[in-house]
Amino acid sequence: MNGSGVWHADQAWIGHRADDVLIEVEGGRIKSVTEGVPVPAGATRLEGWTIPGLANVHSHAFQRTLRGTTESGGGDFWEWRREMYRAAEGWDPATYAKEASVVFREMVAAGITAVGEFHYLHEHGNGLGEALIDAARAVGIRITLIDACYLRGGLDRSLEGVQQTFSDGDADLWAARVDELKDGEGVRIGAAIHSVRAVDAPSMRTVAAWARKRNAPLHIHLAEQQAEVEECLAVEGCTPPQLLEREGILGPDLTAVHAIQVTDDDVSLLGRHHVSICACATTERDLGDRVGPLRKLVEAGSPLCVGSDSNAVIDILEEARGVELDQRRATGRRVLHQPEDLFRAATVDGMRALGWDAGELKPGLLADFITIGQQPPVLWRQLDLGYLMFGSSAHDVTNVVIGGTTLLSR
Ligand SMILES: [Zn+2]
């Protein structure tokens with residue numbers, strides 16, 4: 001990821017549409033971006049639309065094995081979860097690294113240059129987490145390993161079955177294990193409170209303190225299903241976001257994944273603390289989750305980002321437009337988010353939630369950029385974020401550069 005070189009894009013998004021853009025890269029970072037330059041000798045040509053690499057903020061690599069298998073039969077989220085627990089069992093590090101490599105290669109082919117792996121498979125201590133890091137390194141994608149503390153089966157329940165392998169026993173043991181994982185080239189270690197279901201209040205504070213001491217991203221699954229909210233109200237006497245506020249967990253370094261079952265008061269709490277919201281539209285649809293008040297969250301002050309979550313679909317452009325399209329059906333209104341806002345969610349705001357200095361074509365930032373193919377002159381159009389976000393998909397990605405190294409060119 002320390003590549004150097006010169007690329008020339010037909011058109012690129014550099015905060016605005018620009019033609020004939022020269023991108024100079026040195027030591028894995030962008031050195032200069034200049035528009036209106038003819039193709040110099042020795043430059044690599046990027047034919048089509050060049051944009052920053054896409055950020056996949058929330059992934060569980062192992063859940064790709066469920067793709068297609070949970071689409072027959074019936075049920076709800078909780079029945080899906082039983083299937084998911086079966087898929088979580090029995091991995092050894094070598095097999096998991098192999099599986100993760102397949103998933104990460106599919107992500108790179110889809111233009112994803114950084115992935116956040118929300119990781120709670122702790123059967124082998126750090127064995128499976130290290131397998132994810134090894135797989136990401138082998139493939140060349142950036143990884144933020146978001147290691148999740150997971151201590152109980154519910155607010156009023158202890159761990160059952162495979163859940164027992166997710167637990168370290170207590171939050172101090174979780175911290176001691178995660179301390180063994182190190183940041184490195186293309187690798188960041190982040191922390192997660194799995195959910196308010198799985199982590200008690202004092203342990204939440206331990207996890208948040210661990211992350212804040214290290215300036216590491218902090219994530220949580222929040223209010224995906226109404227049952228979590230009801231359990232929280234019954235046991236703690238408040239909603240999940242209110243519980244996080246009470247325990248000092250809310251802040252701009254926190255990413256709340258889903259945030260679907262939230263009240264107006266929750267929305268203003270999350271917004272006031274500038275908590276990032278990670279929406280996972282294709283998975284939420286697949287699981288029959290409801291549609292969250294994303295427009296209200298943005299208005300309240302929360303940045304948005306997106307993730308492929310269960311990896312039933314790996315397409316960040318589809319995730320980003322799903323944010324908008326699902327709300328159109330839920331509200332009967334159109335254009336609750338402008339295309340440039342969806343674009344930010346898929347790029348710079350996602351990269352920030354994962355702790356990467358990337359997501360814009362600007363000098364000094366990590367040299368991660370992708371090209372959406374356009375074959376001139378027949379299908380050629382001017383780069384337009386509305387067309388990009390609503391008319392393009394993972395299959396249109398023709399070039400992927402991560403840290404100044406070309407990973408895909410077709
Ligand atoms: Zn998840």
# chains A, B, ... in the order shown; residues from 1 in each chain; ligands from 1
call {"tool": "residues_near_ligand", "arguments": {"ligand": "ligand 1", "cutoff": "10 Å", "atoms": "only C-alpha atoms and all ligand atoms", "output": "JSON, numbers by chain"}}
result
{"A": [58, 59, 60, 63, 117, 118, 119, 120, 194, 195, 220, 221, 222, 224, 257, 258, 278, 280, 283, 284, 307, 308, 309, 310]}
call {"tool": "residues_around", "arguments": {"residues": "Val187 (chain A)", "least_positions_apart": "4", "cutoff": "7 Å", "atoms": "only C-alpha atoms", "output": "PDB file with all heavy atoms, in the first residue's frame"}}
result
ATOM      1  N   ARG A 142      -7.911  -2.504   2.681  1.00  0.00           N
ATOM      2  CA  ARG A 142      -7.725  -2.024   4.060  1.00  0.00           C
ATOM      3  C   ARG A 142      -8.771  -2.674   4.958  1.00  0.00           C
ATOM      4  O   ARG A 142      -9.924  -2.832   4.563  1.00  0.00           O
ATOM      5  CB  ARG A 142      -7.957  -0.512   4.142  1.00  0.00           C
ATOM      6  CG  ARG A 142      -6.916   0.293   3.467  1.00  0.00           C
ATOM      7  CD  ARG A 142      -7.119   1.798   3.627  1.00  0.00           C
ATOM      8  NE  ARG A 142      -6.418   2.442   2.536  1.00  0.00           N
ATOM      9  CZ  ARG A 142      -5.094   2.587   2.472  1.00  0.00           C
ATOM     10  NH1 ARG A 142      -4.329   2.175   3.470  1.00  0.00           N
ATOM     11  NH2 ARG A 142      -4.524   3.150   1.428  1.00  0.00           N
ATOM     12  N   ILE A 143      -8.347  -2.985   6.188  1.00  0.00           N
ATOM     13  CA  ILE A 143      -9.314  -3.555   7.132  1.00  0.00           C
ATOM     14  C   ILE A 143      -9.276  -2.787   8.445  1.00  0.00           C
ATOM     15  O   ILE A 143      -8.207  -2.435   8.938  1.00  0.00           O
ATOM     16  CB  ILE A 143      -9.052  -5.065   7.389  1.00  0.00           C
ATOM     17  CG1 ILE A 143     -10.155  -5.660   8.290  1.00  0.00           C
ATOM     18  CG2 ILE A 143      -7.666  -5.308   7.993  1.00  0.00           C
ATOM     19  CD1 ILE A 143     -10.138  -7.178   8.381  1.00  0.00           C
ATOM     20  N   THR A 144     -10.448  -2.480   8.972  1.00  0.00           N
ATOM     21  CA  THR A 144     -10.578  -2.070  10.364  1.00  0.00           C
ATOM     22  C   THR A 144     -11.237  -3.256  11.054  1.00  0.00           C
ATOM     23  O   THR A 144     -12.381  -3.593  10.750  1.00  0.00           O
ATOM     24  CB  THR A 144     -11.427  -0.795  10.501  1.00  0.00           C
ATOM     25  OG1 THR A 144     -10.806   0.236   9.712  1.00  0.00           O
ATOM     26  CG2 THR A 144     -11.502  -0.332  11.951  1.00  0.00           C
ATOM     27  N   ASP A 183      -2.306  -2.318  15.214  1.00  0.00           N
ATOM     28  CA  ASP A 183      -2.452  -1.579  13.953  1.00  0.00           C
ATOM     29  C   ASP A 183      -1.224  -1.851  13.087  1.00  0.00           C
ATOM     30  O   ASP A 183      -0.148  -2.122  13.615  1.00  0.00           O
ATOM     31  CB  ASP A 183      -2.488  -0.056  14.218  1.00  0.00           C
ATOM     32  CG  ASP A 183      -3.800   0.401  14.844  1.00  0.00           C
ATOM     33  OD1 ASP A 183      -4.740  -0.396  14.938  1.00  0.00           O
ATOM     34  OD2 ASP A 183      -3.862   1.576  15.247  1.00  0.00           O
TER      35      ASP A 183
END
call {"tool": "atom_distance", "arguments": {"atom1": "CA of Gly75 (chain A)", "atom2": "CA of Ala256 (chain A)"}}
result
25.7 Å
call {"tool": "residues_around", "arguments": {"residues": "Asn311 (chain A)", "least_positions_apart": "5", "cutoff": "12 Å", "atoms": "only C-alpha atoms", "output": "short mmCIF file (atom, residue, chain, number, x, y, z; two decimals) with all heavy atoms, in the first residue's frame"}}
result
data_model
loop_
_atom_site.label_atom_id
_atom_site.label_comp_id
_atom_site.auth_asym_id
_atom_site.auth_seq_id
_atom_site.Cartn_x
_atom_site.Cartn_y
_atom_site.Cartn_z
N ASN A 56 -16.85 0.20 3.16
CA ASN A 56 -17.85 -0.77 3.63
C ASN A 56 -17.72 -0.83 5.15
O ASN A 56 -16.86 -1.53 5.70
CB ASN A 56 -17.55 -2.14 3.00
CG ASN A 56 -18.61 -3.16 3.34
OD1 ASN A 56 -19.62 -2.84 3.97
ND2 ASN A 56 -18.38 -4.40 2.94
N VAL A 57 -18.58 -0.09 5.83
CA VAL A 57 -18.36 0.18 7.26
C VAL A 57 -18.77 -1.00 8.15
O VAL A 57 -18.27 -1.13 9.26
CB VAL A 57 -19.10 1.48 7.66
CG1 VAL A 57 -18.99 1.76 9.15
CG2 VAL A 57 -18.52 2.66 6.88
N HIS A 58 -19.62 -1.88 7.66
CA HIS A 58 -20.12 -2.95 8.54
C HIS A 58 -20.23 -4.25 7.77
O HIS A 58 -21.08 -4.39 6.89
CB HIS A 58 -21.48 -2.54 9.12
CG HIS A 58 -21.96 -3.44 10.20
ND1 HIS A 58 -21.40 -3.46 11.46
CD2 HIS A 58 -22.94 -4.39 10.22
CE1 HIS A 58 -22.03 -4.36 12.22
NE2 HIS A 58 -22.97 -4.94 11.49
N SER A 59 -19.35 -5.20 8.11
CA SER A 59 -19.38 -6.50 7.45
C SER A 59 -19.19 -7.62 8.47
O SER A 59 -18.46 -7.45 9.45
CB SER A 59 -18.26 -6.58 6.41
OG SER A 59 -17.95 -7.93 6.07
N HIS A 60 -19.86 -8.75 8.24
CA HIS A 60 -19.55 -9.99 8.94
C HIS A 60 -19.20 -10.98 7.84
O HIS A 60 -20.11 -11.54 7.19
CB HIS A 60 -20.75 -10.52 9.72
CG HIS A 60 -21.37 -9.52 10.68
ND1 HIS A 60 -20.85 -9.27 11.92
CD2 HIS A 60 -22.46 -8.73 10.56
CE1 HIS A 60 -21.60 -8.37 12.54
NE2 HIS A 60 -22.59 -8.01 11.73
N ALA A 61 -17.90 -11.21 7.62
CA ALA A 61 -17.47 -12.01 6.47
C ALA A 61 -18.14 -13.39 6.45
O ALA A 61 -18.59 -13.85 5.39
CB ALA A 61 -15.95 -12.16 6.47
N PHE A 62 -18.25 -14.03 7.61
CA PHE A 62 -18.74 -15.42 7.62
C PHE A 62 -20.19 -15.54 7.15
O PHE A 62 -20.62 -16.59 6.68
CB PHE A 62 -18.59 -16.06 9.01
CG PHE A 62 -19.60 -15.59 10.03
CD1 PHE A 62 -20.80 -16.28 10.22
CD2 PHE A 62 -19.36 -14.46 10.80
CE1 PHE A 62 -21.72 -15.87 11.16
CE2 PHE A 62 -20.29 -14.03 11.73
CZ PHE A 62 -21.47 -14.73 11.91
N GLN A 63 -20.94 -14.44 7.24
CA GLN A 63 -22.37 -14.53 6.90
C GLN A 63 -22.61 -14.67 5.40
O GLN A 63 -23.72 -14.99 4.98
CB GLN A 63 -23.14 -13.34 7.49
CG GLN A 63 -23.18 -13.41 9.02
CD GLN A 63 -23.96 -12.28 9.66
OE1 GLN A 63 -24.71 -11.58 8.99
NE2 GLN A 63 -23.76 -12.08 10.95
N ARG A 64 -21.55 -14.46 4.59
CA ARG A 64 -21.73 -14.69 3.16
C ARG A 64 -22.14 -16.14 2.88
O ARG A 64 -22.81 -16.43 1.88
CB ARG A 64 -20.45 -14.36 2.39
CG ARG A 64 -20.63 -14.33 0.88
CD ARG A 64 -19.32 -14.45 0.15
NE ARG A 64 -18.73 -15.76 0.33
CZ ARG A 64 -18.53 -16.64 -0.66
NH1 ARG A 64 -18.81 -16.32 -1.89
NH2 ARG A 64 -18.00 -17.81 -0.41
N THR A 65 -21.75 -17.05 3.80
CA THR A 65 -22.10 -18.46 3.58
C THR A 65 -23.62 -18.67 3.63
O THR A 65 -24.11 -19.71 3.19
CB THR A 65 -21.44 -19.38 4.64
OG1 THR A 65 -21.89 -18.96 5.93
CG2 THR A 65 -19.93 -19.29 4.58
N LEU A 66 -24.35 -17.68 4.16
CA LEU A 66 -25.81 -17.79 4.22
C LEU A 66 -26.48 -17.34 2.92
O LEU A 66 -27.69 -17.52 2.74
CB LEU A 66 -26.37 -16.93 5.35
CG LEU A 66 -26.01 -17.33 6.78
CD1 LEU A 66 -26.48 -16.25 7.75
CD2 LEU A 66 -26.64 -18.66 7.14
N ARG A 67 -25.68 -16.72 2.04
CA ARG A 67 -26.27 -16.15 0.82
C ARG A 67 -27.08 -17.21 0.08
O ARG A 67 -26.56 -18.28 -0.24
CB ARG A 67 -25.16 -15.60 -0.09
CG ARG A 67 -25.67 -14.81 -1.28
CD ARG A 67 -24.54 -14.40 -2.20
NE ARG A 67 -23.71 -13.34 -1.65
CZ ARG A 67 -22.60 -12.88 -2.24
NH1 ARG A 67 -22.19 -13.40 -3.38
NH2 ARG A 67 -21.91 -11.91 -1.69
N GLY A 68 -28.31 -16.92 -0.16
CA GLY A 68 -29.16 -17.86 -0.89
C GLY A 68 -29.79 -18.94 -0.03
O GLY A 68 -30.83 -19.47 -0.38
N ALA A 100 -12.68 -15.62 4.11
CA ALA A 100 -12.61 -14.15 4.13
C ALA A 100 -11.93 -13.62 2.87
O ALA A 100 -12.32 -12.57 2.34
CB ALA A 100 -11.88 -13.68 5.38
N VAL A 102 -12.12 -14.80 -0.10
CA VAL A 102 -13.12 -14.82 -1.18
C VAL A 102 -14.04 -13.60 -1.04
O VAL A 102 -14.33 -12.89 -2.01
CB VAL A 102 -13.95 -16.13 -1.14
CG1 VAL A 102 -15.10 -16.08 -2.12
CG2 VAL A 102 -13.05 -17.33 -1.41
N VAL A 103 -14.47 -13.34 0.20
CA VAL A 103 -15.37 -12.20 0.45
C VAL A 103 -14.66 -10.89 0.13
O VAL A 103 -15.21 -10.00 -0.54
CB VAL A 103 -15.86 -12.23 1.92
CG1 VAL A 103 -16.77 -11.05 2.19
CG2 VAL A 103 -16.58 -13.53 2.21
N PHE A 104 -13.42 -10.76 0.58
CA PHE A 104 -12.70 -9.49 0.38
C PHE A 104 -12.37 -9.27 -1.10
O PHE A 104 -12.36 -8.14 -1.57
CB PHE A 104 -11.42 -9.45 1.23
CG PHE A 104 -11.69 -9.43 2.73
CD1 PHE A 104 -10.69 -9.80 3.63
CD2 PHE A 104 -12.92 -9.03 3.23
CE1 PHE A 104 -10.93 -9.78 5.01
CE2 PHE A 104 -13.17 -9.01 4.61
CZ PHE A 104 -12.16 -9.39 5.49
N GLU A 106 -14.25 -10.19 -3.53
CA GLU A 106 -15.52 -9.70 -4.11
C GLU A 106 -15.70 -8.22 -3.77
O GLU A 106 -16.19 -7.44 -4.59
CB GLU A 106 -16.70 -10.54 -3.59
CG GLU A 106 -18.02 -10.15 -4.24
CD GLU A 106 -19.20 -11.03 -3.81
OE1 GLU A 106 -18.99 -12.18 -3.36
OE2 GLU A 106 -20.35 -10.55 -3.92
N MET A 107 -15.29 -7.83 -2.57
CA MET A 107 -15.42 -6.42 -2.19
C MET A 107 -14.52 -5.53 -3.05
O MET A 107 -14.96 -4.47 -3.52
CB MET A 107 -15.08 -6.24 -0.70
CG MET A 107 -16.14 -6.82 0.22
SD MET A 107 -15.76 -6.51 1.95
CE MET A 107 -17.05 -7.52 2.73
N VAL A 115 -12.70 -2.07 4.54
CA VAL A 115 -13.83 -2.81 5.13
C VAL A 115 -13.73 -2.78 6.65
O VAL A 115 -12.64 -2.88 7.20
CB VAL A 115 -13.87 -4.27 4.62
CG1 VAL A 115 -12.58 -5.04 4.91
CG2 VAL A 115 -15.06 -5.03 5.22
N GLU A 117 -14.71 -4.97 9.63
CA GLU A 117 -15.19 -6.30 10.01
C GLU A 117 -15.61 -6.26 11.47
O GLU A 117 -14.79 -6.14 12.37
CB GLU A 117 -14.08 -7.34 9.81
CG GLU A 117 -14.16 -8.07 8.49
CD GLU A 117 -15.39 -8.97 8.34
OE1 GLU A 117 -15.77 -9.68 9.31
OE2 GLU A 117 -16.00 -8.94 7.26
N CYS A 280 -27.56 -0.42 6.65
CA CYS A 280 -27.18 -1.63 5.89
C CYS A 280 -28.41 -2.08 5.12
O CYS A 280 -29.01 -3.12 5.41
CB CYS A 280 -26.69 -2.71 6.84
SG CYS A 280 -25.31 -2.16 7.89
N ALA A 281 -28.79 -1.29 4.12
CA ALA A 281 -30.10 -1.45 3.49
C ALA A 281 -30.35 -2.84 2.92
O ALA A 281 -31.43 -3.40 3.12
CB ALA A 281 -30.26 -0.40 2.39
N THR A 282 -29.37 -3.42 2.23
CA THR A 282 -29.67 -4.71 1.58
C THR A 282 -29.88 -5.80 2.62
O THR A 282 -30.73 -6.67 2.44
CB THR A 282 -28.59 -5.12 0.55
OG1 THR A 282 -27.37 -5.43 1.23
CG2 THR A 282 -28.35 -4.02 -0.48
N THR A 283 -29.12 -5.75 3.71
CA THR A 283 -29.30 -6.75 4.77
C THR A 283 -30.59 -6.49 5.54
O THR A 283 -31.35 -7.42 5.84
CB THR A 283 -28.09 -6.73 5.73
OG1 THR A 283 -26.92 -7.11 4.99
CG2 THR A 283 -28.29 -7.67 6.90
N GLU A 284 -30.83 -5.21 5.85
CA GLU A 284 -32.05 -4.88 6.61
C GLU A 284 -33.30 -5.31 5.83
O GLU A 284 -34.25 -5.84 6.39
CB GLU A 284 -32.06 -3.38 6.92
CG GLU A 284 -30.97 -3.01 7.94
CD GLU A 284 -30.61 -1.53 7.97
OE1 GLU A 284 -31.25 -0.74 7.25
OE2 GLU A 284 -29.67 -1.17 8.71
N ASP A 286 -33.33 -7.76 3.63
CA ASP A 286 -33.29 -9.23 3.60
C ASP A 286 -33.87 -9.80 4.89
O ASP A 286 -34.55 -10.81 4.88
CB ASP A 286 -31.84 -9.67 3.41
CG ASP A 286 -31.70 -11.16 3.17
OD1 ASP A 286 -32.50 -11.70 2.38
OD2 ASP A 286 -30.83 -11.79 3.78
N ILE A 316 -21.78 -1.33 -2.59
CA ILE A 316 -21.93 -0.14 -1.75
C ILE A 316 -22.79 0.92 -2.43
O ILE A 316 -23.49 1.69 -1.76
CB ILE A 316 -20.53 0.40 -1.36
CG1 ILE A 316 -19.87 -0.59 -0.38
CG2 ILE A 316 -20.58 1.81 -0.76
CD1 ILE A 316 -20.63 -0.86 0.90
N GLU A 319 -26.18 -0.10 -1.53
CA GLU A 319 -26.44 0.23 -0.11
C GLU A 319 -26.81 1.70 0.03
O GLU A 319 -27.73 2.07 0.74
CB GLU A 319 -25.21 -0.04 0.77
CG GLU A 319 -24.75 -1.47 0.85
CD GLU A 319 -25.73 -2.43 1.49
OE1 GLU A 319 -26.66 -1.99 2.19
OE2 GLU A 319 -25.58 -3.65 1.26
#
call {"tool": "select_by_dssp", "arguments": {"residues": "region 76-170 of chain A", "states": "alpha helix (DSSP H)", "output": "VMD selection string"}}
result
chain A and resid 77 to 88 93 to 109 127 to 139
call {"tool": "closest_residue", "arguments": {"among": "A:Leu388, A:Val400, A:Val162, A:Leu22", "to": "Phe343 (chain A)", "atoms": "only C-alpha atoms"}}
result
A:Leu388
call {"tool": "closest_residue", "arguments": {"among": "A:His124, A:Arg157, A:Arg290, A:Arg45", "to": "Arg410 (chain A)", "atoms": "only C-alpha atoms"}}
result
A:Arg45
call {"tool": "residues_around", "arguments": {"residues": "Ala191 (chain A)", "least_positions_apart": "2", "cutoff": "8 Å", "atoms": "only C-alpha atoms", "output": "PyMOL selection string"}}
result
chain A and resi 145-149+189+193+207-208+210-211+216-219
call {"tool": "select_by_dssp", "arguments": {"residues": "region 69-304 of chain A", "states": "strand (DSSP E)", "output": "JSON, numbers by chain"}}
result
{"A": [112, 113, 114, 115, 116, 117, 118, 119, 142, 143, 144, 145, 146, 147, 148, 149, 187, 188, 189, 190, 191, 192, 193, 218, 219, 220, 221, 222, 254, 255, 256, 257, 258, 276, 277, 278, 279, 304]}
call {"tool": "atom_distance", "arguments": {"atom1": "CA of Pro240 (chain A)", "atom2": "CA of Glu228 (chain A)"}}
result
7.9 Å
call {"tool": "residues_around", "arguments": {"residues": "Val25 (chain A)", "least_positions_apart": "3", "cutoff": "9 Å", "atoms": "only C-alpha atoms", "output": "list in words"}}
result
Gly3, Ser4, Gly5, Val6, Trp7, Gly28, Arg29, Ile30, Lys31, Ser32, Pro363, Leu366, Ala367, Gly403 and Gly404 of chain A
call {"tool": "residues_around", "arguments": {"residues": "Gly127 (chain A)", "least_positions_apart": "6", "cutoff": "12 Å", "atoms": "only C-alpha atoms", "output": "PyMOL selection string"}}
result
chain A and resi 91-97+119-121+133-134+177-178+180-181
call {"tool": "write_last_selection", "arguments": {"atoms": "N, CA and C atoms", "output": "PDB file, in the first residue's frame"}}
result
ATOM      1  N   TRP A  91     -15.505 -22.653  12.792  1.00  0.00           N
ATOM      2  CA  TRP A  91     -14.429 -22.154  11.931  1.00  0.00           C
ATOM      3  C   TRP A  91     -13.074 -22.405  12.584  1.00  0.00           C
ATOM      4  N   ASP A  92     -12.092 -22.793  11.755  1.00  0.00           N
ATOM      5  CA  ASP A  92     -10.712 -22.748  12.236  1.00  0.00           C
ATOM      6  C   ASP A  92     -10.022 -21.625  11.468  1.00  0.00           C
ATOM      7  N   PRO A  93      -8.896 -21.105  12.005  1.00  0.00           N
ATOM      8  CA  PRO A  93      -8.301 -19.916  11.371  1.00  0.00           C
ATOM      9  C   PRO A  93      -7.967 -20.088   9.892  1.00  0.00           C
ATOM     10  N   ALA A  94      -7.451 -21.246   9.508  1.00  0.00           N
ATOM     11  CA  ALA A  94      -7.046 -21.401   8.093  1.00  0.00           C
ATOM     12  C   ALA A  94      -8.272 -21.366   7.179  1.00  0.00           C
ATOM     13  N   THR A  95      -9.330 -22.058   7.568  1.00  0.00           N
ATOM     14  CA  THR A  95     -10.546 -22.082   6.737  1.00  0.00           C
ATOM     15  C   THR A  95     -11.185 -20.702   6.705  1.00  0.00           C
ATOM     16  N   TYR A  96     -11.118 -20.012   7.864  1.00  0.00           N
ATOM     17  CA  TYR A  96     -11.748 -18.687   7.918  1.00  0.00           C
ATOM     18  C   TYR A  96     -10.989 -17.683   7.046  1.00  0.00           C
ATOM     19  N   ALA A  97      -9.659 -17.788   7.051  1.00  0.00           N
ATOM     20  CA  ALA A  97      -8.859 -16.890   6.196  1.00  0.00           C
ATOM     21  C   ALA A  97      -9.212 -17.124   4.725  1.00  0.00           C
ATOM     22  N   HIS A 119     -16.391  -8.029  14.406  1.00  0.00           N
ATOM     23  CA  HIS A 119     -15.912  -9.393  14.640  1.00  0.00           C
ATOM     24  C   HIS A 119     -16.206  -9.872  16.054  1.00  0.00           C
ATOM     25  N   TYR A 120     -16.941 -10.977  16.147  1.00  0.00           N
ATOM     26  CA  TYR A 120     -17.219 -11.520  17.488  1.00  0.00           C
ATOM     27  C   TYR A 120     -17.002 -13.026  17.573  1.00  0.00           C
ATOM     28  N   LEU A 121     -16.332 -13.609  16.589  1.00  0.00           N
ATOM     29  CA  LEU A 121     -16.070 -15.056  16.639  1.00  0.00           C
ATOM     30  C   LEU A 121     -14.751 -15.276  17.391  1.00  0.00           C
ATOM     31  N   ILE A 133      -7.395 -10.416   9.289  1.00  0.00           N
ATOM     32  CA  ILE A 133      -6.314  -9.481   8.950  1.00  0.00           C
ATOM     33  C   ILE A 133      -5.424 -10.094   7.866  1.00  0.00           C
ATOM     34  N   ASP A 134      -5.071 -11.369   8.023  1.00  0.00           N
ATOM     35  CA  ASP A 134      -4.220 -12.038   7.020  1.00  0.00           C
ATOM     36  C   ASP A 134      -4.905 -12.038   5.657  1.00  0.00           C
ATOM     37  N   ARG A 177      -7.238  -9.235  25.572  1.00  0.00           N
ATOM     38  CA  ARG A 177      -7.071  -9.965  24.310  1.00  0.00           C
ATOM     39  C   ARG A 177      -6.915  -9.002  23.132  1.00  0.00           C
ATOM     40  N   VAL A 178      -7.746  -7.969  23.097  1.00  0.00           N
ATOM     41  CA  VAL A 178      -7.699  -7.050  21.950  1.00  0.00           C
ATOM     42  C   VAL A 178      -6.397  -6.243  21.951  1.00  0.00           C
ATOM     43  N   GLU A 180      -3.624  -7.413  22.269  1.00  0.00           N
ATOM     44  CA  GLU A 180      -2.621  -8.207  21.538  1.00  0.00           C
ATOM     45  C   GLU A 180      -2.670  -7.937  20.027  1.00  0.00           C
ATOM     46  N   LEU A 181      -3.777  -7.350  19.545  1.00  0.00           N
ATOM     47  CA  LEU A 181      -3.916  -7.056  18.111  1.00  0.00           C
ATOM     48  C   LEU A 181      -3.308  -5.684  17.840  1.00  0.00           C
TER      49      LEU A 181
END
